[in-house]
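Structure file work_20.pdb (PDB, C-alpha atoms) follows.
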MODEL        1
ATOM      1  CA  MET A   1       0.597  -8.911-161.202
ATOM      2  CA  SER A   2      -0.776  -6.255-158.947
ATOM      3  CA  SER A   3      -4.364  -6.125-157.772
ATOM      4  CA  ILE A   4      -6.258  -3.270-156.181
ATOM      5  CA  ASP A   5      -6.301  -5.234-152.894
ATOM      6  CA  ASN A   6      -2.559  -4.761-152.380
ATOM      7  CA  LYS A   7      -3.019  -0.993-152.735
ATOM      8  CA  LEU A   8      -5.872  -0.662-150.211
ATOM      9  CA  ILE A   9      -4.176   0.345-146.969
ATOM     10  CA  PHE A  10      -5.983   1.077-143.724
ATOM     11  CA  GLY A  11      -5.620   1.092-139.977
ATOM     12  CA  PHE A  12      -2.851   1.987-137.592
ATOM     13  CA  SER A  13      -1.574  -0.391-134.939
ATOM     14  CA  ASP A  14       1.354  -1.793-133.017
ATOM     15  CA  ILE A  15       3.017   1.484-132.042
ATOM     16  CA  HIS A  16       6.414   0.849-130.507
ATOM     17  CA  VAL A  17       9.294   3.138-129.620
ATOM     18  CA  ALA A  18      12.934   2.254-129.062
ATOM     19  CA  LYS A  19      15.204   4.596-127.149
ATOM     20  CA  ILE A  20      18.478   5.539-128.854
ATOM     21  CA  THR A  21      21.559   5.601-126.662
ATOM     22  CA  ASP A  22      25.034   6.168-128.146
ATOM     23  CA  GLY A  23      23.756   5.244-131.617
ATOM     24  CA  SER A  24      22.238   1.923-130.476
ATOM     25  CA  TYR A  25      18.548   1.066-130.211
ATOM     26  CA  ALA A  26      17.039  -0.436-127.077
ATOM     27  CA  THR A  27      14.353  -3.112-127.386
ATOM     28  CA  PRO A  28      11.132  -1.517-128.721
ATOM     29  CA  ILE A  29       8.401  -0.853-126.136
ATOM     30  CA  LYS A  30       4.719  -1.009-127.088
ATOM     31  CA  ILE A  31       2.547   2.095-126.688
ATOM     32  CA  LEU A  32      -1.161   1.233-126.474
ATOM     33  CA  GLY A  33      -4.038   3.240-127.925
ATOM     34  CA  GLY A  34      -2.804   4.320-131.355
ATOM     35  CA  LYS A  35      -5.141   6.721-133.179
ATOM     36  CA  SER A  36      -3.078   8.303-135.980
ATOM     37  CA  VAL A  37       0.357   9.157-137.286
ATOM     38  CA  GLU A  38       1.600  11.442-140.016
ATOM     39  CA  CYS A  39       5.078  12.453-141.086
ATOM     40  CA  SER A  40       6.455  14.592-143.885
ATOM     41  CA  PHE A  41      10.005  15.285-144.939
ATOM     42  CA  ASP A  42      11.543  18.617-145.877
ATOM     43  CA  ILE A  43      14.060  18.954-148.644
ATOM     44  CA  THR A  44      16.885  21.268-149.526
ATOM     45  CA  GLU A  45      17.367  22.138-153.133
ATOM     46  CA  ARG A  46      20.544  23.439-154.713
ATOM     47  CA  LYS A  47      20.887  24.384-158.339
ATOM     48  CA  ILE A  48      24.394  24.054-159.771
ATOM     49  CA  SER A  49      25.043  26.410-162.642
ATOM     50  CA  ALA A  50      27.809  26.721-165.184
ATOM     51  CA  ASP A  51      28.040  28.495-168.511
ATOM     52  CA  ASN A  52      25.037  30.628-167.560
ATOM     53  CA  GLU A  53      22.662  27.678-167.218
ATOM     54  CA  VAL A  54      21.536  25.206-164.597
ATOM     55  CA  LYS A  55      23.501  21.985-165.083
ATOM     56  CA  LYS A  56      22.194  20.033-162.128
ATOM     57  CA  ASN A  57      19.513  20.294-159.482
ATOM     58  CA  VAL A  58      20.450  18.558-156.217
ATOM     59  CA  VAL A  59      17.459  17.723-154.015
ATOM     60  CA  ARG A  60      18.047  16.073-150.634
ATOM     61  CA  VAL A  61      16.001  15.265-147.552
ATOM     62  CA  SER A  62      17.012  17.657-144.779
ATOM     63  CA  SER A  63      14.622  16.908-141.902
ATOM     64  CA  GLY A  64      11.173  15.668-141.069
ATOM     65  CA  ALA A  65       8.251  16.442-138.807
ATOM     66  CA  GLY A  66       5.037  14.747-137.836
ATOM     67  CA  LYS A  67       2.359  14.044-135.303
ATOM     68  CA  LEU A  68       1.410  10.937-133.315
ATOM     69  CA  GLY A  69      -2.103  10.611-131.870
ATOM     70  CA  VAL A  70      -2.756   8.216-128.985
ATOM     71  CA  LEU A  71      -5.474   7.663-126.385
ATOM     72  CA  GLY A  72      -3.762   9.535-123.581
ATOM     73  CA  LEU A  73      -0.418   8.622-122.050
ATOM     74  CA  THR A  74       0.518   6.888-118.829
ATOM     75  CA  THR A  75       3.122   8.561-116.641
ATOM     76  CA  ASP A  76       5.760   6.048-117.752
ATOM     77  CA  GLU A  77       4.859   6.640-121.422
ATOM     78  CA  LYS A  78       5.253  10.402-120.916
ATOM     79  CA  VAL A  79       8.712   9.864-119.442
ATOM     80  CA  LEU A  80       9.692   7.505-122.276
ATOM     81  CA  LEU A  81       8.387   9.719-125.102
ATOM     82  CA  LEU A  82       8.838  13.218-123.719
ATOM     83  CA  GLY A  83      11.682  13.025-121.213
ATOM     84  CA  GLY A  84      10.925  14.412-117.799
ATOM     85  CA  GLU A  85      10.641  12.344-114.659
ATOM     86  CA  ASN A  86       8.206  10.046-112.850
ATOM     87  CA  MET A  87       8.042  11.631-109.410
ATOM     88  CA  SER A  88       5.829   9.950-106.808
ATOM     89  CA  GLY A  89       3.466   8.651-109.480
ATOM     90  CA  GLY A  90       3.260  11.966-111.324
ATOM     91  CA  TYR A  91       4.930  13.406-114.401
ATOM     92  CA  ALA A  92       7.348  16.306-113.906
ATOM     93  CA  LEU A  93       8.923  18.297-116.742
ATOM     94  CA  ARG A  94      11.879  20.542-115.915
ATOM     95  CA  ALA A  95      12.930  23.599-117.891
ATOM     96  CA  ASN A  96      16.224  21.862-118.744
ATOM     97  CA  ALA A  97      14.633  18.516-119.733
ATOM     98  CA  SER A  98      16.203  16.861-122.735
ATOM     99  CA  MET A  99      13.795  15.125-125.105
ATOM    100  CA  PRO A 100      14.914  11.542-125.828
ATOM    101  CA  SER A 101      15.786  10.333-129.322
ATOM    102  CA  LEU A 102      13.620   7.376-130.343
ATOM    103  CA  ALA A 103      12.821   5.093-133.243
ATOM    104  CA  LEU A 104       9.059   5.042-133.942
ATOM    105  CA  LEU A 105       7.630   1.776-135.303
ATOM    106  CA  PHE A 106       4.052   0.985-136.375
ATOM    107  CA  ALA A 107       1.956  -1.091-138.774
ATOM    108  CA  GLN A 108      -0.874  -0.658-141.252
ATOM    109  CA  GLU A 109      -3.163  -3.359-142.647
ATOM    110  CA  LYS A 110      -3.675  -4.170-146.324
ATOM    111  CA  GLU A 111      -6.787  -5.544-147.998
ATOM    112  CA  ASP A 112      -4.723  -8.406-149.485
ATOM    113  CA  GLY A 113      -4.037  -9.702-145.943
ATOM    114  CA  GLY A 114      -0.559  -8.239-145.690
ATOM    115  CA  ARG A 115       0.781  -5.420-143.588
ATOM    116  CA  LEU A 116       3.017  -2.418-144.082
ATOM    117  CA  LEU A 117       5.619  -2.202-141.321
ATOM    118  CA  HIS A 118       7.138   1.251-140.770
ATOM    119  CA  VAL A 119      10.039   2.678-138.808
ATOM    120  CA  ILE A 120      11.065   6.327-138.527
ATOM    121  CA  TYR A 121      14.617   6.130-137.230
ATOM    122  CA  ASN A 122      15.306   9.226-135.158
ATOM    123  CA  VAL A 123      12.381  11.184-133.706
ATOM    124  CA  GLN A 124      12.085  13.577-130.793
ATOM    125  CA  PHE A 125       8.642  14.373-129.416
ATOM    126  CA  LYS A 126       7.783  17.833-128.185
ATOM    127  CA  PRO A 127       6.157  18.033-124.745
ATOM    128  CA  ALA A 128       2.441  17.311-125.037
ATOM    129  CA  GLN A 129      -0.102  20.035-124.599
ATOM    130  CA  ILE A 130      -2.344  19.807-121.589
ATOM    131  CA  ALA A 131      -5.937  19.513-122.776
ATOM    132  CA  ALA A 132      -9.159  18.558-121.007
ATOM    133  CA  VAL A 133     -12.708  18.155-122.335
ATOM    134  CA  SER A 134     -15.804  18.489-120.176
ATOM    135  CA  THR A 135     -18.363  15.706-119.889
ATOM    136  CA  GLU A 136     -21.811  16.884-120.911
ATOM    137  CA  ASN A 137     -25.169  15.113-120.691
ATOM    138  CA  GLY A 138     -23.431  11.963-119.464
ATOM    139  CA  GLU A 139     -21.500  11.550-122.734
ATOM    140  CA  ILE A 140     -17.792  11.086-122.423
ATOM    141  CA  GLU A 141     -15.314  11.977-125.091
ATOM    142  CA  GLU A 142     -11.927  10.301-125.012
ATOM    143  CA  SER A 143      -8.891  12.507-124.654
ATOM    144  CA  ILE A 144      -6.466  12.193-127.559
ATOM    145  CA  ALA A 145      -2.836  13.110-126.915
ATOM    146  CA  GLU A 146      -1.440  14.643-130.095
ATOM    147  CA  LEU A 147       2.340  14.634-129.957
ATOM    148  CA  ASP A 148       4.314  16.688-132.457
ATOM    149  CA  PHE A 149       7.722  15.337-133.363
ATOM    150  CA  SER A 150      10.719  16.232-135.442
ATOM    151  CA  CYS A 151      13.005  13.715-137.065
ATOM    152  CA  ILE A 152      16.510  13.670-138.397
ATOM    153  CA  GLU A 153      18.627  11.108-140.185
ATOM    154  CA  GLY A 154      19.301   7.963-138.178
ATOM    155  CA  SER A 155      22.805   6.680-137.459
ATOM    156  CA  ASN A 156      22.302   4.228-140.343
ATOM    157  CA  GLY A 157      21.919   7.127-142.817
ATOM    158  CA  TYR A 158      18.163   6.604-143.286
ATOM    159  CA  TYR A 159      15.183   8.611-142.128
ATOM    160  CA  TYR A 160      12.505   6.007-142.762
ATOM    161  CA  TYR A 161      11.958   2.399-143.837
ATOM    162  CA  CYS A 162       8.747   0.586-144.766
ATOM    163  CA  VAL A 163       8.344  -3.069-145.751
ATOM    164  CA  ASP A 164       5.386  -4.832-147.333
ATOM    165  CA  THR A 165       4.881  -8.281-145.805
ATOM    166  CA  THR A 166       3.365  -9.562-149.080
ATOM    167  CA  ASP A 167       6.327  -8.536-151.246
ATOM    168  CA  ALA A 168       7.879 -11.572-152.956
ATOM    169  CA  SER A 169      11.386 -10.582-151.839
ATOM    170  CA  ILE A 170      10.558  -9.975-148.159
ATOM    171  CA  ASP A 171      12.955 -11.502-145.650
ATOM    172  CA  PRO A 172      10.782 -13.528-143.205
ATOM    173  CA  GLU A 173      13.216 -12.800-140.352
ATOM    174  CA  LEU A 174      12.728  -9.072-140.918
ATOM    175  CA  VAL A 175       8.963  -9.490-140.460
ATOM    176  CA  SER A 176       9.246 -11.771-137.411
ATOM    177  CA  THR A 177      11.657  -9.408-135.597
ATOM    178  CA  TRP A 178      10.067  -6.089-136.649
ATOM    179  CA  PHE A 179       8.746  -5.178-133.196
ATOM    180  CA  THR A 180      11.495  -6.872-131.159
ATOM    181  CA  LYS A 181      14.430  -4.890-132.588
ATOM    182  CA  VAL A 182      14.969  -1.923-134.894
ATOM    183  CA  ASN A 183      15.871  -3.247-138.330
ATOM    184  CA  ASP A 184      17.982  -1.456-140.916
ATOM    185  CA  PRO A 185      17.046  -1.618-144.606
ATOM    186  CA  LYS A 186      18.297  -4.718-146.369
ATOM    187  CA  SER A 187      19.021  -4.912-150.062
ATOM    188  CA  ASN A 188      17.956  -7.931-152.109
TER     189      ASN A 188
ENDMDL
END

Rewrite the structure of this file - the entire thing - as structure tokens.
Amino acid sequence: MSSIDNKLIFGFSDIHVAKITDGSYATPIKILGGKSVECSFDITERKISADNEVKKNVVRVSSGAGKLGVLGLTTDEKVLLLGGENMSGGYALRANASMPSLALLFAQEKEDGGRLLHVIYNVQFKPAQIAAVSTENGEIEESIAELDFSCIEGSNGYYYYCVDTTDASIDPELVSTWFTKVNDPKSN
């Protein structure tokens, strides 16, 4: 039986990314300072007609896009997420830089004590905007890096996977390895 507590979802934590090389995922690396994430998926729709009427409507996911908000980025995090190079302690972005393909993992808390664990399988971040905010009257305002990303289908055929750690059919190994490797969906 469901209670309202298992539907109350809040927070955003444990951001990790795993670089994709030749269809394989590297070990996820933690990114500190998570503020927000959002992602939506676009669809293609094709109506199949015969005998002067629509017989079938085929709707499929075609791509996705989103935004990740973090408290700034270190030089190494910029290189990992955005491509470019760490040159003498600074970040350099060339005109011919290739944005890396990554898996994006994160968690949300639930009022029932569980967590939702998410992975978006194949994202590419766009270079971050350069933004600065002045300090006035001694009050500082943190700088938030908002990183737009696009996503396509992963090599496993999935765009996205989310597990609920309080689900009765959850595989405990899936939960314990969530941030140490990129997991594919498992059927019951």

Handout entry: Within 10 Å of Val70 in chain A using all atoms listed in the file, minus same-chain residues under 6 positions, as a list of chain:residue names
Key =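 Listing them by chain and then by number gives A:Ile15, A:Ile31, A:Leu32, A:Gly33, A:Gly34, A:Lys35, A:Ser36, A:Val37, A:Ser143, A:Ile144, A:Ala145, A:Glu146, A:Leu147.
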
Completion exercise
From the list A:Glu109, A:Glu153, A:Glu85, A:Asp184, the nearest residue to Arg60 in chain A using all atoms listed in the file is A:Glu153

Practice task
Might you spell out which residues the PyMOL selection byres ((chain A and resi 23) around 9) would select in the displayed file, as a ChimeraX atom specification?
Solution key: /A:20-22,24-25,154-156

Completion exercise
From CA of Val133 in chain A to CA of Leu80 in chain A the spacing works out at 24.8 Å

Practice task
Run the PyMOL selection byres ((chain A and resi 40-52) around 12) on the file and write out the hits as a list in words.
Solution key: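 In the shown coordinates, the PyMOL selection byres ((chain A and resi 40-52) around 12) covers Val37, Glu38, Cys39, Glu53, Val54, Lys55, Lys56, Asn57, Val58, Val59, Arg60, Val61, Ser62, Ser63, Gly64, Ala65, Gly66, Lys67, Ile120, Asp148, Phe149, Ser150, Cys151, Ile152, Glu153, Tyr159 and Tyr160 of chain A.
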
Handout entry: Shortest interatomic distance to Tyr121 in chain A - which of A:Gly90, A:Pro172, A:Gly11, A:Gly157, counting only C-alpha atoms
Key =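 Looking at the shortest contact to Tyr121 in chain A, the residue is A:Gly157.
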
Practice task
Mind giving me the straight-line distance from CA of Phe179 in chain A to CA of Ala107 in chain A in Å, one decimal?
Solution key: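 Computing it gives 9.7 Å between the two atoms.
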
Practice task
Fewer than 4 positions away in the same chain doesn't count, so skip those; otherwise give me all residues within 10 Å of Lys78 in chain A, counting only C-alpha atoms, as a PyMOL selection string.
Solution key: chain A and resi 72-74+82-86+90-93+125+127-128

Exercise for the section: Just give me the gap between CA of Leu71 in chain A and CA of His16 in chain A in Å, one decimal is fine. Expected result: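 Distance between the two atoms: 14.3 Å.
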
Handout entry: Asp5 in chain A surroundings by all atoms listed in the file, 9 Å radius, close-in-sequence under 6 positions cut, as a PyMOL selection string
Key = chain A and resi 110-113

Exercise for the section: Please tell me which residues are no farther than 8 Å from (8.5, 3.8, -141.3) in the file, counting all atoms listed in the file, and write them as an MDAnalysis selection string. Expected result: chainID A and resid 104:106 117:121 160:162

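Nearest-residue note for Gln124 in chain A: choosing from A:Val175, A:Ile29, A:Ile170, A:Val17, the minimum distance belongs to A:Val17, counting all atoms listed in the file.
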
Practice task
Can you turn the PyMOL selection byres ((chain A and resi 27) around 7) into a concrete residue list for this file, as a ChimeraX atom specification?
Solution key: /A:18,25-26,28-29,180-181

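Between Ile9 in chain A and the residues A:Leu116, A:Leu68, A:Ile130, A:Val79, the shortest atom-to-atom distance, using all atoms listed in the file, involves A:Leu116.
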
Quick one: range 30-139 of chain A from the block, C-alpha atoms, as a PDB file, in the first residue's frame.
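Resulting contents of selection_13.pdb:
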ATOM      1  CA  LYS A  30      31.818  12.943  -7.954  1.00  0.00           C
ATOM      2  CA  ILE A  31      31.059  16.598  -8.715  1.00  0.00           C
ATOM      3  CA  LEU A  32      30.553  18.650  -5.542  1.00  0.00           C
ATOM      4  CA  GLY A  33      28.087  21.494  -5.057  1.00  0.00           C
ATOM      5  CA  GLY A  34      24.904  20.289  -6.750  1.00  0.00           C
ATOM      6  CA  LYS A  35      22.134  22.905  -6.929  1.00  0.00           C
ATOM      7  CA  SER A  36      19.646  21.654  -9.546  1.00  0.00           C
ATOM      8  CA  VAL A  37      19.050  19.445 -12.546  1.00  0.00           C
ATOM      9  CA  GLU A  38      16.294  19.241 -15.111  1.00  0.00           C
ATOM     10  CA  CYS A  39      15.902  17.180 -18.251  1.00  0.00           C
ATOM     11  CA  SER A  40      13.141  16.767 -20.803  1.00  0.00           C
ATOM     12  CA  PHE A  41      12.845  14.452 -23.761  1.00  0.00           C
ATOM     13  CA  ASP A  42      11.652  15.288 -27.257  1.00  0.00           C
ATOM     14  CA  ILE A  43       9.554  12.917 -29.279  1.00  0.00           C
ATOM     15  CA  THR A  44       8.925  12.219 -32.915  1.00  0.00           C
ATOM     16  CA  GLU A  45       5.436  11.338 -33.945  1.00  0.00           C
ATOM     17  CA  ARG A  46       4.431   9.515 -37.099  1.00  0.00           C
ATOM     18  CA  LYS A  47       0.876   8.772 -38.088  1.00  0.00           C
ATOM     19  CA  ILE A  48       0.416   5.699 -40.278  1.00  0.00           C
ATOM     20  CA  SER A  49      -2.629   5.906 -42.490  1.00  0.00           C
ATOM     21  CA  ALA A  50      -4.449   3.418 -44.660  1.00  0.00           C
ATOM     22  CA  ASP A  51      -7.912   3.390 -46.170  1.00  0.00           C
ATOM     23  CA  ASN A  52      -8.150   7.150 -45.645  1.00  0.00           C
ATOM     24  CA  GLU A  53      -7.799   6.954 -41.864  1.00  0.00           C
ATOM     25  CA  VAL A  54      -5.081   6.921 -39.245  1.00  0.00           C
ATOM     26  CA  LYS A  55      -4.430   3.305 -38.258  1.00  0.00           C
ATOM     27  CA  LYS A  56      -1.541   3.842 -35.887  1.00  0.00           C
ATOM     28  CA  ASN A  57       0.284   6.680 -34.190  1.00  0.00           C
ATOM     29  CA  VAL A  58       3.957   5.911 -33.510  1.00  0.00           C
ATOM     30  CA  VAL A  59       5.506   8.105 -30.811  1.00  0.00           C
ATOM     31  CA  ARG A  60       9.189   7.667 -29.952  1.00  0.00           C
ATOM     32  CA  VAL A  61      11.794   9.502 -27.905  1.00  0.00           C
ATOM     33  CA  SER A  62      14.190  11.236 -30.288  1.00  0.00           C
ATOM     34  CA  SER A  63      16.505  13.284 -28.052  1.00  0.00           C
ATOM     35  CA  GLY A  64      16.725  15.101 -24.770  1.00  0.00           C
ATOM     36  CA  ALA A  65      18.024  18.322 -23.288  1.00  0.00           C
ATOM     37  CA  GLY A  66      18.521  19.722 -19.833  1.00  0.00           C
ATOM     38  CA  LYS A  67      20.432  21.889 -17.439  1.00  0.00           C
ATOM     39  CA  LEU A  68      22.718  21.122 -14.491  1.00  0.00           C
ATOM     40  CA  GLY A  69      23.321  23.773 -11.819  1.00  0.00           C
ATOM     41  CA  VAL A  70      26.388  23.548  -9.576  1.00  0.00           C
ATOM     42  CA  LEU A  71      28.322  25.862  -7.262  1.00  0.00           C
ATOM     43  CA  GLY A  72      31.020  26.783  -9.747  1.00  0.00           C
ATOM     44  CA  LEU A  73      33.453  24.360 -11.347  1.00  0.00           C
ATOM     45  CA  THR A  74      37.084  23.579 -10.669  1.00  0.00           C
ATOM     46  CA  THR A  75      39.448  23.564 -13.632  1.00  0.00           C
ATOM     47  CA  ASP A  76      39.524  19.756 -13.632  1.00  0.00           C
ATOM     48  CA  GLU A  77      35.703  19.624 -13.512  1.00  0.00           C
ATOM     49  CA  LYS A  78      35.524  21.978 -16.511  1.00  0.00           C
ATOM     50  CA  VAL A  79      37.856  19.704 -18.464  1.00  0.00           C
ATOM     51  CA  LEU A  80      35.868  16.602 -17.471  1.00  0.00           C
ATOM     52  CA  LEU A  81      32.429  18.074 -18.239  1.00  0.00           C
ATOM     53  CA  LEU A  82      33.149  20.489 -21.069  1.00  0.00           C
ATOM     54  CA  GLY A  83      36.246  19.185 -22.833  1.00  0.00           C
ATOM     55  CA  GLY A  84      39.033  21.675 -23.261  1.00  0.00           C
ATOM     56  CA  GLU A  85      42.364  21.489 -21.504  1.00  0.00           C
ATOM     57  CA  ASN A  86      43.964  22.219 -18.129  1.00  0.00           C
ATOM     58  CA  MET A  87      46.876  24.440 -19.107  1.00  0.00           C
ATOM     59  CA  SER A  88      49.159  25.668 -16.319  1.00  0.00           C
ATOM     60  CA  GLY A  89      46.318  25.611 -13.803  1.00  0.00           C
ATOM     61  CA  GLY A  90      43.852  27.354 -16.107  1.00  0.00           C
ATOM     62  CA  TYR A  91      41.036  26.195 -18.356  1.00  0.00           C
ATOM     63  CA  ALA A  92      41.501  26.588 -22.115  1.00  0.00           C
ATOM     64  CA  LEU A  93      38.782  25.929 -24.696  1.00  0.00           C
ATOM     65  CA  ARG A  94      39.821  25.626 -28.341  1.00  0.00           C
ATOM     66  CA  ALA A  95      37.581  26.294 -31.322  1.00  0.00           C
ATOM     67  CA  ASN A  96      37.903  22.624 -32.333  1.00  0.00           C
ATOM     68  CA  ALA A  97      37.255  21.216 -28.825  1.00  0.00           C
ATOM     69  CA  SER A  98      35.107  18.117 -28.752  1.00  0.00           C
ATOM     70  CA  MET A  99      32.629  17.899 -25.881  1.00  0.00           C
ATOM     71  CA  PRO A 100      32.926  14.555 -24.054  1.00  0.00           C
ATOM     72  CA  SER A 101      30.056  12.077 -23.836  1.00  0.00           C
ATOM     73  CA  LEU A 102      29.163  11.310 -20.217  1.00  0.00           C
ATOM     74  CA  ALA A 103      26.674   9.461 -18.062  1.00  0.00           C
ATOM     75  CA  LEU A 104      25.124  11.798 -15.458  1.00  0.00           C
ATOM     76  CA  LEU A 105      24.145  10.216 -12.126  1.00  0.00           C
ATOM     77  CA  PHE A 106      22.433  11.826  -9.117  1.00  0.00           C
ATOM     78  CA  ALA A 107      20.071  11.161  -6.213  1.00  0.00           C
ATOM     79  CA  GLN A 108      16.955  12.622  -4.632  1.00  0.00           C
ATOM     80  CA  GLU A 109      15.626  11.991  -1.123  1.00  0.00           C
ATOM     81  CA  LYS A 110      12.172  10.669  -0.249  1.00  0.00           C
ATOM     82  CA  GLU A 111      10.116  11.389   2.854  1.00  0.00           C
ATOM     83  CA  ASP A 112       9.768   7.629   3.495  1.00  0.00           C
ATOM     84  CA  GLY A 113      13.557   7.408   4.031  1.00  0.00           C
ATOM     85  CA  GLY A 114      14.332   6.054   0.587  1.00  0.00           C
ATOM     86  CA  ARG A 115      16.084   7.634  -2.345  1.00  0.00           C
ATOM     87  CA  LEU A 116      15.544   7.911  -6.072  1.00  0.00           C
ATOM     88  CA  LEU A 117      18.745   7.121  -7.962  1.00  0.00           C
ATOM     89  CA  HIS A 118      18.938   8.512 -11.506  1.00  0.00           C
ATOM     90  CA  VAL A 119      21.207   8.061 -14.498  1.00  0.00           C
ATOM     91  CA  ILE A 120      20.986   9.837 -17.852  1.00  0.00           C
ATOM     92  CA  TYR A 121      23.104   7.667 -20.121  1.00  0.00           C
ATOM     93  CA  ASN A 122      24.617   9.868 -22.807  1.00  0.00           C
ATOM     94  CA  VAL A 123      24.908  13.616 -22.200  1.00  0.00           C
ATOM     95  CA  GLN A 124      27.126  16.294 -23.686  1.00  0.00           C
ATOM     96  CA  PHE A 125      27.456  19.612 -21.879  1.00  0.00           C
ATOM     97  CA  LYS A 126      27.729  22.855 -23.786  1.00  0.00           C
ATOM     98  CA  PRO A 127      30.571  25.173 -22.753  1.00  0.00           C
ATOM     99  CA  ALA A 128      29.553  27.165 -19.685  1.00  0.00           C
ATOM    100  CA  GLN A 129      28.819  30.837 -19.916  1.00  0.00           C
ATOM    101  CA  ILE A 130      31.191  33.165 -18.157  1.00  0.00           C
ATOM    102  CA  ALA A 131      29.267  35.075 -15.501  1.00  0.00           C
ATOM    103  CA  ALA A 132      30.372  37.215 -12.565  1.00  0.00           C
ATOM    104  CA  VAL A 133      28.347  38.978  -9.862  1.00  0.00           C
ATOM    105  CA  SER A 134      29.595  41.998  -7.944  1.00  0.00           C
ATOM    106  CA  THR A 135      29.816  42.023  -4.159  1.00  0.00           C
ATOM    107  CA  GLU A 136      27.789  44.850  -2.670  1.00  0.00           C
ATOM    108  CA  ASN A 137      27.554  46.067   0.925  1.00  0.00           C
ATOM    109  CA  GLY A 138      29.764  43.185   2.049  1.00  0.00           C
ATOM    110  CA  GLU A 139      27.199  40.570   0.965  1.00  0.00           C
TER     111      GLU A 139
END
